[in-house]
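K.L.:
Sharing my_file-v4.cif below, mmCIF, N, CA and C atoms:
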data_input
loop_
_atom_site.label_atom_id
_atom_site.label_comp_id
_atom_site.auth_asym_id
_atom_site.auth_seq_id
_atom_site.Cartn_x
_atom_site.Cartn_y
_atom_site.Cartn_z
N MET N 139 -6.39 87.47 44.44
CA MET N 139 -6.67 86.77 45.68
C MET N 139 -5.50 85.82 45.97
N PRO N 140 -5.02 85.80 47.22
CA PRO N 140 -3.91 84.92 47.56
C PRO N 140 -4.33 83.44 47.46
N VAL N 141 -3.35 82.63 47.09
CA VAL N 141 -3.58 81.19 46.99
C VAL N 141 -3.48 80.60 48.40
N THR N 142 -4.44 79.77 48.76
CA THR N 142 -4.49 79.17 50.09
C THR N 142 -3.83 77.79 50.10
N PRO N 143 -3.47 77.30 51.27
CA PRO N 143 -2.94 75.93 51.36
C PRO N 143 -3.92 74.88 50.80
N GLU N 144 -5.20 75.14 50.93
CA GLU N 144 -6.20 74.20 50.40
C GLU N 144 -6.11 74.12 48.88
N VAL N 145 -5.92 75.27 48.23
CA VAL N 145 -5.77 75.29 46.77
C VAL N 145 -4.49 74.56 46.37
N VAL N 146 -3.42 74.80 47.11
CA VAL N 146 -2.16 74.12 46.82
C VAL N 146 -2.35 72.61 46.92
N ARG N 147 -3.04 72.14 47.95
CA ARG N 147 -3.29 70.71 48.11
C ARG N 147 -4.08 70.17 46.92
N GLN N 148 -5.09 70.90 46.48
CA GLN N 148 -5.89 70.46 45.33
C GLN N 148 -5.02 70.34 44.07
N VAL N 149 -4.13 71.30 43.87
CA VAL N 149 -3.24 71.27 42.70
C VAL N 149 -2.31 70.06 42.78
N ILE N 150 -1.74 69.82 43.96
CA ILE N 150 -0.84 68.68 44.11
C ILE N 150 -1.59 67.37 43.91
N GLU N 151 -2.79 67.28 44.44
CA GLU N 151 -3.59 66.06 44.24
C GLU N 151 -3.92 65.89 42.76
N SER N 152 -4.17 66.97 42.06
CA SER N 152 -4.43 66.89 40.61
C SER N 152 -3.18 66.47 39.85
N TYR N 153 -2.03 66.93 40.30
CA TYR N 153 -0.74 66.54 39.71
C TYR N 153 -0.57 65.02 39.82
N VAL N 154 -0.82 64.50 41.00
CA VAL N 154 -0.73 63.05 41.20
C VAL N 154 -1.74 62.33 40.32
N ARG N 155 -2.96 62.84 40.28
CA ARG N 155 -4.02 62.23 39.47
C ARG N 155 -3.64 62.20 37.99
N ALA N 156 -2.97 63.25 37.52
CA ALA N 156 -2.55 63.28 36.10
C ALA N 156 -1.60 62.11 35.80
N TRP N 157 -0.67 61.84 36.71
CA TRP N 157 0.25 60.72 36.51
C TRP N 157 -0.48 59.39 36.60
N VAL N 158 -1.37 59.26 37.58
CA VAL N 158 -2.11 58.00 37.76
C VAL N 158 -2.98 57.70 36.54
N ARG N 159 -3.64 58.72 36.01
CA ARG N 159 -4.57 58.54 34.88
C ARG N 159 -3.91 58.69 33.52
N ASN N 160 -2.60 58.96 33.53
CA ASN N 160 -1.88 59.15 32.27
C ASN N 160 -2.52 60.30 31.47
N ASP N 161 -2.77 61.41 32.15
CA ASP N 161 -3.52 62.54 31.59
C ASP N 161 -2.59 63.74 31.37
N ARG N 162 -2.01 63.79 30.20
CA ARG N 162 -1.07 64.86 29.84
C ARG N 162 -1.73 66.24 29.89
N SER N 163 -2.96 66.34 29.38
CA SER N 163 -3.67 67.62 29.36
C SER N 163 -3.89 68.15 30.77
N LEU N 164 -4.27 67.28 31.68
CA LEU N 164 -4.46 67.71 33.06
C LEU N 164 -3.15 68.22 33.63
N LEU N 165 -2.07 67.49 33.42
CA LEU N 165 -0.78 67.93 33.96
C LEU N 165 -0.43 69.31 33.42
N LEU N 166 -0.52 69.50 32.11
CA LEU N 166 -0.17 70.80 31.52
C LEU N 166 -1.04 71.92 32.06
N SER N 167 -2.31 71.64 32.34
CA SER N 167 -3.23 72.67 32.83
C SER N 167 -2.85 73.19 34.21
N LEU N 168 -2.04 72.45 34.93
CA LEU N 168 -1.67 72.83 36.29
C LEU N 168 -0.50 73.81 36.33
N PHE N 169 0.26 73.89 35.23
CA PHE N 169 1.47 74.70 35.18
C PHE N 169 1.22 76.06 34.53
N ALA N 170 1.87 77.10 35.04
CA ALA N 170 1.84 78.42 34.41
C ALA N 170 2.58 78.34 33.08
N GLU N 171 2.19 79.18 32.15
CA GLU N 171 2.82 79.21 30.82
C GLU N 171 4.32 79.44 30.90
N ASP N 172 4.77 80.22 31.88
CA ASP N 172 6.19 80.57 32.00
C ASP N 172 6.86 79.86 33.18
N CYS N 173 6.38 78.67 33.50
CA CYS N 173 6.89 77.93 34.66
C CYS N 173 8.32 77.43 34.44
N LEU N 174 8.93 77.05 35.54
CA LEU N 174 10.23 76.36 35.54
C LEU N 174 10.06 75.08 36.34
N TRP N 175 10.60 73.97 35.81
CA TRP N 175 10.53 72.67 36.48
C TRP N 175 11.92 72.06 36.47
N TYR N 176 12.50 71.96 37.65
CA TYR N 176 13.82 71.35 37.82
C TYR N 176 13.63 69.91 38.29
N ASP N 177 14.09 68.96 37.50
CA ASP N 177 13.91 67.55 37.86
C ASP N 177 15.11 66.74 37.39
N PRO N 178 16.09 66.59 38.32
CA PRO N 178 16.16 67.06 39.70
C PRO N 178 16.76 68.46 39.77
N VAL N 179 16.66 69.04 40.98
CA VAL N 179 17.30 70.32 41.25
C VAL N 179 18.78 70.18 40.94
N GLY N 180 19.33 71.21 40.29
CA GLY N 180 20.74 71.19 39.90
C GLY N 180 20.94 70.91 38.42
N THR N 181 19.86 70.46 37.75
CA THR N 181 19.92 70.27 36.30
C THR N 181 19.21 71.45 35.64
N ALA N 182 19.35 71.56 34.34
CA ALA N 182 18.67 72.62 33.61
C ALA N 182 17.16 72.47 33.75
N PRO N 183 16.44 73.58 33.87
CA PRO N 183 14.99 73.48 34.04
C PRO N 183 14.28 73.15 32.73
N PHE N 184 13.12 72.54 32.88
CA PHE N 184 12.17 72.43 31.78
C PHE N 184 11.36 73.72 31.85
N ARG N 185 11.31 74.45 30.73
CA ARG N 185 10.73 75.80 30.72
C ARG N 185 9.38 75.83 30.01
N GLY N 186 8.40 76.42 30.69
CA GLY N 186 7.09 76.63 30.10
C GLY N 186 6.37 75.34 29.75
N HIS N 187 5.24 75.50 29.11
CA HIS N 187 4.44 74.32 28.74
C HIS N 187 5.19 73.41 27.79
N ALA N 188 6.00 73.97 26.91
CA ALA N 188 6.76 73.14 25.97
C ALA N 188 7.74 72.24 26.74
N GLY N 189 8.38 72.79 27.76
CA GLY N 189 9.31 71.99 28.56
C GLY N 189 8.60 70.92 29.37
N VAL N 190 7.47 71.27 29.97
CA VAL N 190 6.69 70.30 30.75
C VAL N 190 6.19 69.19 29.82
N ALA N 191 5.70 69.57 28.65
CA ALA N 191 5.23 68.57 27.68
C ALA N 191 6.38 67.67 27.22
N GLY N 192 7.56 68.24 27.05
CA GLY N 192 8.72 67.46 26.65
C GLY N 192 9.09 66.44 27.71
N PHE N 193 9.04 66.85 28.98
CA PHE N 193 9.34 65.92 30.07
C PHE N 193 8.30 64.80 30.10
N TRP N 194 7.03 65.17 29.99
CA TRP N 194 5.95 64.17 29.98
C TRP N 194 6.15 63.18 28.83
N ASP N 195 6.41 63.69 27.65
CA ASP N 195 6.59 62.82 26.48
C ASP N 195 7.78 61.90 26.66
N PHE N 196 8.85 62.40 27.25
CA PHE N 196 10.02 61.56 27.55
C PHE N 196 9.62 60.42 28.49
N ALA N 197 8.90 60.76 29.55
CA ALA N 197 8.51 59.75 30.54
C ALA N 197 7.58 58.70 29.95
N HIS N 198 6.83 59.08 28.92
CA HIS N 198 5.83 58.18 28.32
C HIS N 198 6.22 57.70 26.93
N GLN N 199 7.49 57.79 26.57
CA GLN N 199 7.91 57.45 25.21
C GLN N 199 7.68 55.99 24.85
N ASP N 200 7.69 55.12 25.81
CA ASP N 200 7.47 53.70 25.58
C ASP N 200 6.06 53.38 26.10
N ARG N 201 5.17 53.00 25.20
CA ARG N 201 3.77 52.77 25.60
C ARG N 201 3.61 51.65 26.64
N SER N 202 4.59 50.75 26.71
CA SER N 202 4.50 49.68 27.69
C SER N 202 4.97 50.14 29.08
N ARG N 203 5.58 51.32 29.14
CA ARG N 203 6.08 51.85 30.42
C ARG N 203 4.91 52.28 31.29
N LYS N 204 4.92 51.82 32.51
CA LYS N 204 3.87 52.18 33.46
C LYS N 204 4.49 53.03 34.57
N LEU N 205 3.84 54.17 34.85
CA LEU N 205 4.31 55.08 35.89
C LEU N 205 3.19 55.26 36.90
N GLU N 206 3.51 55.03 38.16
CA GLU N 206 2.48 55.20 39.18
C GLU N 206 3.09 55.81 40.44
N PRO N 207 2.65 57.03 40.78
CA PRO N 207 3.15 57.64 42.02
C PRO N 207 2.42 57.07 43.23
N LYS N 208 3.20 56.76 44.24
CA LYS N 208 2.65 56.29 45.52
C LYS N 208 2.92 57.39 46.55
N VAL N 209 1.88 58.13 46.88
CA VAL N 209 2.02 59.30 47.76
C VAL N 209 2.32 58.86 49.19
N GLN N 210 3.34 59.48 49.76
CA GLN N 210 3.69 59.26 51.16
C GLN N 210 3.11 60.39 52.03
N ARG N 211 3.23 61.64 51.51
CA ARG N 211 2.76 62.78 52.30
C ARG N 211 2.67 64.03 51.44
N ILE N 212 1.70 64.87 51.75
CA ILE N 212 1.56 66.19 51.14
C ILE N 212 1.54 67.20 52.27
N ILE N 213 2.35 68.25 52.14
CA ILE N 213 2.39 69.33 53.13
C ILE N 213 2.19 70.63 52.37
N THR N 214 1.31 71.49 52.87
CA THR N 214 1.07 72.78 52.22
C THR N 214 1.16 73.91 53.23
N CYS N 215 1.78 75.00 52.79
CA CYS N 215 1.90 76.22 53.59
C CYS N 215 1.81 77.40 52.62
N SER N 216 0.95 78.35 52.91
CA SER N 216 0.82 79.53 52.07
C SER N 216 0.56 79.10 50.63
N ASN N 217 1.39 79.55 49.68
CA ASN N 217 1.20 79.21 48.26
C ASN N 217 2.18 78.14 47.81
N GLU N 218 2.74 77.38 48.76
CA GLU N 218 3.72 76.36 48.43
C GLU N 218 3.29 75.00 48.99
N GLY N 219 3.85 73.96 48.39
CA GLY N 219 3.55 72.62 48.87
C GLY N 219 4.69 71.66 48.59
N ILE N 220 4.72 70.62 49.39
CA ILE N 220 5.70 69.54 49.25
C ILE N 220 4.93 68.25 49.00
N LEU N 221 5.40 67.49 48.03
CA LEU N 221 4.86 66.17 47.74
C LEU N 221 5.98 65.16 47.92
N HIS N 222 5.81 64.26 48.87
CA HIS N 222 6.76 63.17 49.10
C HIS N 222 6.11 61.91 48.53
N PHE N 223 6.77 61.29 47.55
CA PHE N 223 6.17 60.12 46.90
C PHE N 223 7.25 59.21 46.35
N VAL N 224 6.82 58.01 45.97
CA VAL N 224 7.68 57.08 45.27
C VAL N 224 7.08 56.89 43.88
N MET N 225 7.86 57.22 42.85
CA MET N 225 7.41 56.98 41.48
C MET N 225 7.81 55.56 41.12
N GLN N 226 6.82 54.73 40.92
CA GLN N 226 7.07 53.36 40.51
C GLN N 226 7.02 53.31 38.98
N VAL N 227 8.16 52.96 38.39
CA VAL N 227 8.27 52.85 36.93
C VAL N 227 8.43 51.36 36.62
N ARG N 228 7.61 50.87 35.72
CA ARG N 228 7.67 49.45 35.34
C ARG N 228 7.68 49.31 33.83
N LEU N 229 8.56 48.44 33.35
CA LEU N 229 8.60 48.04 31.94
C LEU N 229 8.44 46.52 31.93
N PRO N 230 7.20 46.05 31.95
CA PRO N 230 6.95 44.61 32.10
C PRO N 230 7.56 43.76 30.99
N GLU N 231 7.59 44.26 29.79
CA GLU N 231 8.10 43.47 28.66
C GLU N 231 9.58 43.13 28.81
N SER N 232 10.34 44.00 29.47
CA SER N 232 11.77 43.75 29.66
C SER N 232 12.11 43.40 31.12
N ASN N 233 11.08 43.25 31.96
CA ASN N 233 11.25 42.94 33.38
C ASN N 233 12.19 43.94 34.06
N GLN N 234 12.01 45.23 33.73
CA GLN N 234 12.79 46.29 34.35
C GLN N 234 11.87 47.18 35.18
N GLY N 235 12.47 47.81 36.19
CA GLY N 235 11.69 48.71 37.02
C GLY N 235 12.57 49.66 37.80
N LEU N 236 11.93 50.64 38.39
CA LEU N 236 12.60 51.65 39.20
C LEU N 236 11.60 52.17 40.21
N ASP N 237 12.00 52.22 41.46
CA ASP N 237 11.22 52.89 42.50
C ASP N 237 12.05 54.09 42.92
N LEU N 238 11.60 55.28 42.56
CA LEU N 238 12.36 56.50 42.83
C LEU N 238 11.63 57.33 43.88
N THR N 239 12.25 57.49 45.03
CA THR N 239 11.69 58.31 46.10
C THR N 239 12.01 59.77 45.77
N VAL N 240 10.97 60.60 45.76
CA VAL N 240 11.10 62.00 45.32
C VAL N 240 10.41 62.91 46.34
N ILE N 241 11.03 64.06 46.56
CA ILE N 241 10.39 65.17 47.26
C ILE N 241 10.23 66.28 46.23
N ASP N 242 8.99 66.60 45.89
CA ASP N 242 8.70 67.70 44.96
C ASP N 242 8.27 68.92 45.77
N ARG N 243 8.79 70.07 45.39
CA ARG N 243 8.38 71.36 45.97
C ARG N 243 7.70 72.15 44.87
N PHE N 244 6.50 72.64 45.17
CA PHE N 244 5.74 73.44 44.21
C PHE N 244 5.47 74.82 44.78
N VAL N 245 5.62 75.85 43.94
CA VAL N 245 5.25 77.21 44.29
C VAL N 245 4.20 77.65 43.29
N LEU N 246 3.04 78.05 43.77
CA LEU N 246 1.95 78.48 42.90
C LEU N 246 1.94 79.99 42.77
N ASN N 247 1.53 80.46 41.59
CA ASN N 247 1.37 81.90 41.37
C ASN N 247 -0.01 82.34 41.85
N ASP N 248 -0.32 83.61 41.67
CA ASP N 248 -1.60 84.16 42.15
C ASP N 248 -2.81 83.57 41.44
N GLU N 249 -2.60 82.94 40.29
CA GLU N 249 -3.69 82.32 39.55
C GLU N 249 -3.88 80.84 39.95
N GLY N 250 -3.06 80.37 40.88
CA GLY N 250 -3.17 78.99 41.33
C GLY N 250 -2.51 77.98 40.41
N LYS N 251 -1.58 78.46 39.59
CA LYS N 251 -0.83 77.59 38.67
C LYS N 251 0.58 77.37 39.23
N ILE N 252 1.17 76.24 38.88
CA ILE N 252 2.52 75.94 39.32
C ILE N 252 3.49 76.84 38.57
N GLN N 253 4.15 77.72 39.30
CA GLN N 253 5.15 78.63 38.72
C GLN N 253 6.53 77.99 38.78
N LEU N 254 6.78 77.28 39.87
CA LEU N 254 8.07 76.65 40.09
C LEU N 254 7.85 75.25 40.64
N ALA N 255 8.50 74.28 40.02
CA ALA N 255 8.50 72.90 40.53
C ALA N 255 9.96 72.47 40.67
N GLN N 256 10.26 71.91 41.82
CA GLN N 256 11.62 71.45 42.09
C GLN N 256 11.55 70.03 42.64
N ALA N 257 12.19 69.10 41.93
CA ALA N 257 12.23 67.71 42.36
C ALA N 257 13.57 67.43 43.03
N TYR N 258 13.51 66.87 44.21
CA TYR N 258 14.71 66.51 44.95
C TYR N 258 14.83 64.99 45.01
N TRP N 259 15.88 64.50 44.37
CA TRP N 259 16.22 63.08 44.42
C TRP N 259 17.65 62.91 43.94
N ASP N 260 18.27 61.82 44.36
CA ASP N 260 19.62 61.49 43.89
C ASP N 260 19.72 59.98 43.74
N ALA N 261 20.89 59.48 43.44
CA ALA N 261 21.07 58.05 43.20
C ALA N 261 20.64 57.21 44.40
N GLY N 262 20.80 57.74 45.60
CA GLY N 262 20.40 57.01 46.80
C GLY N 262 18.90 56.86 46.95
N CYS N 263 18.14 57.56 46.12
CA CYS N 263 16.68 57.48 46.17
C CYS N 263 16.12 56.40 45.25
N ALA N 264 16.99 55.78 44.46
CA ALA N 264 16.56 54.77 43.48
C ALA N 264 16.67 53.37 44.08
N ALA N 265 15.64 52.58 43.86
CA ALA N 265 15.64 51.19 44.31
C ALA N 265 15.14 50.31 43.18
N VAL N 266 15.62 49.07 43.19
CA VAL N 266 15.22 48.08 42.19
C VAL N 266 14.04 47.29 42.76
N PRO N 267 12.91 47.26 42.05
CA PRO N 267 11.79 46.45 42.54
C PRO N 267 12.17 44.97 42.59
N GLU N 268 11.66 44.30 43.59
CA GLU N 268 11.98 42.88 43.78
C GLU N 268 11.65 42.07 42.53
N GLY N 269 12.61 41.24 42.13
CA GLY N 269 12.41 40.35 40.99
C GLY N 269 12.59 41.02 39.63
N MET N 270 13.02 42.28 39.62
CA MET N 270 13.19 43.01 38.36
C MET N 270 14.64 43.47 38.21
N GLN N 271 14.98 43.88 37.01
CA GLN N 271 16.27 44.51 36.75
C GLN N 271 16.07 46.02 36.80
N LEU N 272 17.12 46.73 37.16
CA LEU N 272 17.04 48.19 37.28
C LEU N 272 16.83 48.85 35.93
N PHE N 273 15.87 49.76 35.87
CA PHE N 273 15.64 50.60 34.70
C PHE N 273 16.23 51.97 35.02
N VAL N 274 17.12 52.45 34.14
CA VAL N 274 17.75 53.75 34.32
C VAL N 274 17.46 54.61 33.09
N PRO N 275 16.51 55.53 33.19
CA PRO N 275 16.22 56.39 32.04
C PRO N 275 17.36 57.39 31.79
N ASN N 276 17.52 57.77 30.55
CA ASN N 276 18.51 58.78 30.19
C ASN N 276 17.81 60.14 30.12
N ILE N 277 17.87 60.91 31.19
CA ILE N 277 17.15 62.18 31.30
C ILE N 277 17.55 63.17 30.21
N GLU N 278 18.75 63.03 29.65
CA GLU N 278 19.18 63.94 28.59
C GLU N 278 18.22 63.90 27.41
N GLU N 279 17.56 62.77 27.22
CA GLU N 279 16.59 62.64 26.11
C GLU N 279 15.37 63.53 26.29
N ALA N 280 15.13 63.99 27.52
CA ALA N 280 13.95 64.81 27.80
C ALA N 280 14.10 66.26 27.38
N TYR N 281 15.34 66.71 27.18
CA TYR N 281 15.58 68.11 26.83
C TYR N 281 15.45 68.32 25.33
N GLU N 282 14.91 69.46 24.97
CA GLU N 282 14.79 69.82 23.55
C GLU N 282 16.16 69.89 22.93
N LYS N 283 16.24 69.38 21.75
CA LYS N 283 17.53 69.40 21.01
C LYS N 283 17.69 70.71 20.27
#
Represent the supplied structure as structure tokens.

P.N.:
Amino acid sequence: MPVTPEVVRQVIESYVRAWVRNDRSLLLSLFAEDCLWYDPVGTAPFRGHAGVAGFWDFAHQDRSRKLEPKVQRIITCSNEGILHFVMQVRLPESNQGLDLTVIDRFVLNDEGKIQLAQAYWDAGCAAVPEGMQLFVPNIEEAYEK
């Protein structure tokens, strides 16, 4: 059965919910076993559930780090969707933060799982939260060694 825009919206909303609730299992359940996730586009992809889990673990490596997506807009067409959001990253103990504006593109397979995820952002999308110092994660740490 073809995936509808409504299903795509539900998956994207669940993706956001996984980040808000710090729910790794939910996030992994949304991705196909053989998915590709480019974050950002132009870098090597995170491959399959192991790659998605590695990215999640990288983002959550510091227990004091808080990540909260602020959704701007969701657009769905056919089996694809766009998520425009700002990922607010906060490290209260070191008074560091990052507001990263991101456009995510998702393509779902026939089972309603994310087959392809592509994050679009560059240095111009990063902002320093007021009263904080800039936090710059080293994305290289997210890749399997």

K.L.:
When DSSP works through the backbone of this structure, what residues of stretch 144-243 of chain N end up as alpha helix (DSSP H), shown as an MDAnalysis selection string?

P.N.:
chainID N and resid 144:159 162:168 186:197

K.L.:
What residues come out when you apply the PyMOL selection byres ((chain N and resi 175-191) around 6) to this file, written as a list in words?

P.N.:
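That expression, the PyMOL selection byres ((chain N and resi 175-191) around 6), corresponds here to Ala170, Glu171, Asp172, Cys173, Leu174, Gly192, Phe193, Trp194, Asp195, Phe196, Leu254, Ala255, Gln256, Ala257, Tyr258 and Trp259 of chain N.
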
K.L.:
If we count only N, CA and C atoms and set the cut-off at 5 Å, which residues sit around N:Lys251, ignoring sequence neighbours fewer than 2 positions away in its own chain? Please answer as a list in words.

P.N.:
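The residues that qualify are Leu168, Phe169, Ala170, Leu246, Asn247, Glu249 and Gln253 of chain N.
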
K.L.:
In stretch 160-232 of chain N, what's strand (DSSP E or B) per DSSP? Answer as number ranges by chain?

P.N.:
N: 169-176, 179, 181, 184-185, 204-215, 218-229

K.L.:
Could you state which residues are captured by the PyMOL selection byres ((chain N and resi 263) around 6) in this file, as a list in words?

P.N.:
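Listing what the PyMOL selection byres ((chain N and resi 263) around 6) selects in the shown file: Asp237, Leu238, Thr239, Trp259, Asp260, Ala261, Gly262, Ala264 and Ala265 of chain N.
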
K.L.:
By how many Å are atom N of N:Arg147 and atom C of N:Pro207 apart?

P.N.:
16.7 Å

K.L.:
Any idea what's packed within 12 Å of N:His198, counting only C-alpha atoms, ignoring anything in its chain fewer than 5 positions away? Could you give it as a PyMOL selection string?

P.N.:
chain N and resi 157+160-162+191-193+203-206+227-229+275+279-280

K.L.:
Could you tell me how far atom N of N:Ala197 lies from atom CA of N:Gln234, in Å and to one decimal?

P.N.:
15.7 Å

K.L.:
Looking at all atoms listed in the file, which of N:Ile220, N:Ser163, N:Tyr281, N:Gln271 is the one that sits closest to N:Asp242?

P.N.:
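Residue with the minimum atom-to-atom distance to N:Asp242: N:Ile220.
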
K.L.:
Could you list, as an NGL selection string, every residue matched by the PyMOL selection byres (((chain N and resi 267 and name CA) around 7) and name CA) in this structure?

P.N.:
:N and (235-237 or 265-266 or 268-270)

K.L.:
Every residue with an atom at most 7 Å from (4.1, 57.9, 49.8) (file coordinates; all atoms listed in the file) is what I'm after, so could you write them as a ChimeraX atom specification?

P.N.:
/N:207-211,222-224

K.L.:
If you measure from atom CA of N:Ser167 to atom N of N:Gln199, what distance in Å do you get, rounded to one decimal?

P.N.:
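Interatomic distance here is 19.4 Å.
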
K.L.:
Might you pull out every residue within 8 Å of N:Glu218, with only N, CA and C atoms counted and same-chain residues fewer than 4 positions away left off, and present them as a PyMOL selection string?

P.N.:
chain N and resi 141-143+146-147+213-214+243-247

K.L.:
Write the selection just made, keeping N, CA and C atoms, as a CSV table (one decimal), keeping the file's coordinate frame?

P.N.:
chain,number,residue,atom,x,y,z
N,141,VAL,N,-3.4,82.6,47.1
N,141,VAL,CA,-3.6,81.2,47.0
N,141,VAL,C,-3.5,80.6,48.4
N,142,THR,N,-4.4,79.8,48.8
N,142,THR,CA,-4.5,79.2,50.1
N,142,THR,C,-3.8,77.8,50.1
N,143,PRO,N,-3.5,77.3,51.3
N,143,PRO,CA,-2.9,75.9,51.4
N,143,PRO,C,-3.9,74.9,50.8
N,146,VAL,N,-3.4,74.8,47.1
N,146,VAL,CA,-2.2,74.1,46.8
N,146,VAL,C,-2.4,72.6,46.9
N,147,ARG,N,-3.0,72.1,48.0
N,147,ARG,CA,-3.3,70.7,48.1
N,147,ARG,C,-4.1,70.2,46.9
N,213,ILE,N,2.4,68.2,52.1
N,213,ILE,CA,2.4,69.3,53.1
N,213,ILE,C,2.2,70.6,52.4
N,214,THR,N,1.3,71.5,52.9
N,214,THR,CA,1.1,72.8,52.2
N,214,THR,C,1.2,73.9,53.2
N,243,ARG,N,8.8,70.1,45.4
N,243,ARG,CA,8.4,71.4,46.0
N,243,ARG,C,7.7,72.2,44.9
N,244,PHE,N,6.5,72.6,45.2
N,244,PHE,CA,5.7,73.4,44.2
N,244,PHE,C,5.5,74.8,44.8
N,245,VAL,N,5.6,75.8,43.9
N,245,VAL,CA,5.2,77.2,44.3
N,245,VAL,C,4.2,77.6,43.3
N,246,LEU,N,3.0,78.0,43.8
N,246,LEU,CA,2.0,78.5,42.9
N,246,LEU,C,1.9,80.0,42.8
N,247,ASN,N,1.5,80.5,41.6
N,247,ASN,CA,1.4,81.9,41.4
N,247,ASN,C,0.0,82.3,41.8

K.L.:
Taking only C-alpha atoms into account, name the residue in N:Glu151, N:Leu165, N:Glu144, N:Arg159 that is nearest to N:Leu221.

P.N.:
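Checking each of N:Glu151, N:Leu165, N:Glu144, N:Arg159 against N:Leu221, counting only C-alpha atoms, the winner is N:Glu151.
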
K.L.:
When distances are computed from only N, CA and C atoms, which of N:Val145, N:Ala156, N:Ile241, N:Leu164 shows the smallest separation from N:Asn217?

P.N.:
N:Val145

K.L.:
Give me the box for stretch 148-160 of chain N as lines of an AutoDock Vina configuration file, namely the centre and edge lengths in Å to one decimal of a box along x, y and z that holds every listed atom plus 4 Å on each side.

P.N.:
center_x = -2.8
center_y = 64.5
center_z = 39.0
size_x = 14.1
size_y = 21.6
size_z = 23.0
